[in-house]
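Asks: Please read through the structure below; I'll follow up with questions.
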Amino acid sequence: HASGKYVMVANYMGGTVGILPIHPDGSLGDPTDVVHNTGPRMPDRASDNPSGNFAISGHSSAHVHMVASDPSGRFVLACDAGLDRVYVWTLDTHAGRLVPAKTPFIAMTPGSAPRHFAFNEKGTMIYILGEQDSKVVAATFNPQTGEIVPQQTVSTVTPHFRGSTLAAGI
């Protein structure tokens with residue numbers, strides 16, 4: 001975390017986000033918070049997968065792929081590929097606890113499996129990569145509220161692509 005006080009951990013199989021305190025000597029303490037994402041089961045495949053795509057991601061439960069803070073350090077975000085959501089919290093830096101933002105998550109395209117995200121330098125745009133649909137969603141990010149509003153979706157493969165693809169990083 002930007003405060004330098006905590007390490008944030010994404011647990012894929014457990015579907016959790018963990019907060020670990022950093023001691024003055026650099027060692028890590030026991031978790032101060034572990035949040036388990038919950039939500040409805042999502043489709044195994046994105047409805048708009050590239051033609052011929054046979055690869056699937058697990059959508060049977062929560063699968064957190066990435067956790068990081070926004071450029072200001074005010075918000076903590078996590079991509080949950082299993083629930084097709086991007087979660088948003090603030091971090092109480094005194095207690096090491098995650099507090100849901102006013103809008104606690106944004107639902108992505110069912111079956112898209114949001115995997116990673118990146119911010120622009122100003123922290124006003126977020127780019128969210130879907131593993132399953134191989135698309136990037138460009139969205140505005142409100143650095144005061146943590147609200148994410150999709151503006152554009154672009155494929156990472158050409159319109160004539162045929163075959164399997166799983167997008168991995170942005």
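In the structure tokens, the first chain shown is A, the next is B, and so on; residue numbers restart at 1 for each chain, and ligands run from 1 in the order shown.
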Do you know which residues are at most 9 Å from Arg97 in chain A counting only C-alpha atoms, after dropping those on the same chain fewer than 4 positions away, and could you put them as a list in words?

Replies: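 The residues satisfying every condition are Ile19, Thr32, Asp33, Val34, Thr90, Leu91, Asp92 and Thr93 of chain A.
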
Asks: Fewer than 4 positions away in the same chain doesn't count, so skip those; otherwise give me all residues within 6 Å of Phe141 in chain A, counting only C-alpha atoms, as a ChimeraX atom specification.

Replies: /A:124-125,147-148

Asks: Go ahead and save the residues from that selection, with N, CA and C atoms, as a PDB file, in the first residue's frame.

Replies:
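See selection-v2.pdb below for the written result:
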ATOM      1  N   THR A 124      -7.172   9.180 -13.005  1.00  0.00           N
ATOM      2  CA  THR A 124      -8.556   9.483 -13.373  1.00  0.00           C
ATOM      3  C   THR A 124      -9.122   8.500 -14.397  1.00  0.00           C
ATOM      4  N   MET A 125      -8.275   7.644 -14.926  1.00  0.00           N
ATOM      5  CA  MET A 125      -8.703   6.586 -15.854  1.00  0.00           C
ATOM      6  C   MET A 125      -8.133   5.266 -15.356  1.00  0.00           C
ATOM      7  N   GLU A 147     -15.466   5.705  -7.563  1.00  0.00           N
ATOM      8  CA  GLU A 147     -16.435   5.213  -8.548  1.00  0.00           C
ATOM      9  C   GLU A 147     -15.760   4.963  -9.901  1.00  0.00           C
ATOM     10  N   ILE A 148     -16.100   3.832 -10.507  1.00  0.00           N
ATOM     11  CA  ILE A 148     -15.592   3.432 -11.821  1.00  0.00           C
ATOM     12  C   ILE A 148     -16.757   3.470 -12.803  1.00  0.00           C
TER      13      ILE A 148
END

Asks: Neighbours of Gly146 in chain A within 12 Å (only C-alpha atoms; same-chain residues fewer than 4 positions away dropped), as an MDAnalysis selection string?

Replies: chainID A and resid 69:77 86:90 99:106 123:126 139:142

Asks: Include C-alpha atoms and write out the residues we just selected as a CSV table (one decimal), in the first residue's frame.

Replies:
chain,number,residue,atom,x,y,z
A,69,SER,CA,-4.1,0.8,-4.7
A,70,ASP,CA,-5.0,3.7,-6.9
A,71,PRO,CA,-2.2,6.3,-7.6
A,72,SER,CA,-3.3,8.4,-4.6
A,73,GLY,CA,-3.2,5.5,-2.2
A,74,ARG,CA,-6.7,6.4,-1.1
A,75,PHE,CA,-8.5,3.3,-2.6
A,76,VAL,CA,-7.7,-0.4,-2.8
A,77,LEU,CA,-9.0,-2.2,-5.8
A,86,VAL,CA,-13.7,-5.1,-9.7
A,87,TYR,CA,-14.0,-4.3,-5.9
A,88,VAL,CA,-13.2,-0.9,-4.4
A,89,TRP,CA,-12.3,-0.2,-0.7
A,90,THR,CA,-10.5,2.4,1.4
A,99,VAL,CA,-13.8,-0.5,4.2
A,100,PRO,CA,-16.1,-0.8,1.2
A,101,ALA,CA,-16.3,2.3,-0.9
A,102,LYS,CA,-19.7,4.0,-1.5
A,103,THR,CA,-19.9,1.9,-4.7
A,104,PRO,CA,-18.2,-1.3,-3.5
A,105,PHE,CA,-17.8,-3.0,-6.9
A,106,ILE,CA,-18.4,-2.6,-10.6
A,123,GLY,CA,-5.4,8.4,-11.5
A,124,THR,CA,-8.6,9.5,-13.4
A,125,MET,CA,-8.7,6.6,-15.9
A,126,ILE,CA,-8.5,2.9,-15.1
A,139,ALA,CA,-13.2,3.6,-17.5
A,140,THR,CA,-13.2,6.9,-15.6
A,141,PHE,CA,-12.1,6.6,-12.0
A,142,ASN,CA,-13.2,9.2,-9.5

Asks: Skipping near chain neighbours, those fewer than 3 positions away, what residues fall within 9 Å of Ala62 in chain A using only C-alpha atoms, listed as a ChimeraX atom specification?

Replies: /A:12-16,36-39,41,58-59,80-84

Asks: Selection from above, C-alpha atoms, as an mmCIF file, in the first residue's frame, can you write it?

Replies:
data_model
loop_
_atom_site.group_PDB
_atom_site.id
_atom_site.type_symbol
_atom_site.label_atom_id
_atom_site.label_comp_id
_atom_site.auth_asym_id
_atom_site.auth_seq_id
_atom_site.Cartn_x
_atom_site.Cartn_y
_atom_site.Cartn_z
ATOM 1 C CA TYR A 12 -6.857 -16.636 -6.212
ATOM 2 C CA MET A 13 -8.197 -19.984 -4.985
ATOM 3 C CA GLY A 14 -9.611 -18.659 -1.727
ATOM 4 C CA GLY A 15 -11.174 -15.610 -3.362
ATOM 5 C CA THR A 16 -9.831 -13.304 -0.669
ATOM 6 C CA HIS A 36 -13.824 -12.902 1.141
ATOM 7 C CA ASN A 37 -15.676 -11.746 -1.956
ATOM 8 C CA THR A 38 -19.124 -13.232 -2.508
ATOM 9 C CA GLY A 39 -21.594 -13.087 -5.344
ATOM 10 C CA ARG A 41 -21.964 -17.817 -10.011
ATOM 11 C CA GLY A 58 -13.022 -20.601 -13.253
ATOM 12 C CA HIS A 59 -16.319 -18.892 -12.479
ATOM 13 C CA ASP A 80 -12.141 -10.898 -9.093
ATOM 14 C CA ALA A 81 -12.059 -13.089 -12.199
ATOM 15 C CA GLY A 82 -14.508 -15.614 -10.775
ATOM 16 C CA LEU A 83 -17.244 -13.119 -9.915
ATOM 17 C CA ASP A 84 -16.589 -10.769 -12.874
#

Asks: Find the residues near Met8 in chain A: any atom within 9 Å, counting only C-alpha atoms, skip ones fewer than 5 places away on the same chain, and give them as a PyMOL selection string.

Replies: chain A and resi 1+17-21+67-69+76

Asks: To one decimal place, how far is CA of Ala113 in chain A from CA of Glu131 in chain A in Å?

Replies: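 Going from CA of Ala113 in chain A over to CA of Glu131 in chain A, I get 5.3 Å.
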
Asks: Could you state the separation of CA of Val7 in chain A and CA of Leu28 in chain A in Å, given to one decimal place?

Replies: 8.2 Å

Asks: May I have the residues within 6 Å of Tyr127 in chain A as a ChimeraX atom specification, using only C-alpha atoms and disregarding those fewer than 6 positions away in the same chain?

Replies: /A:117-118,137-138
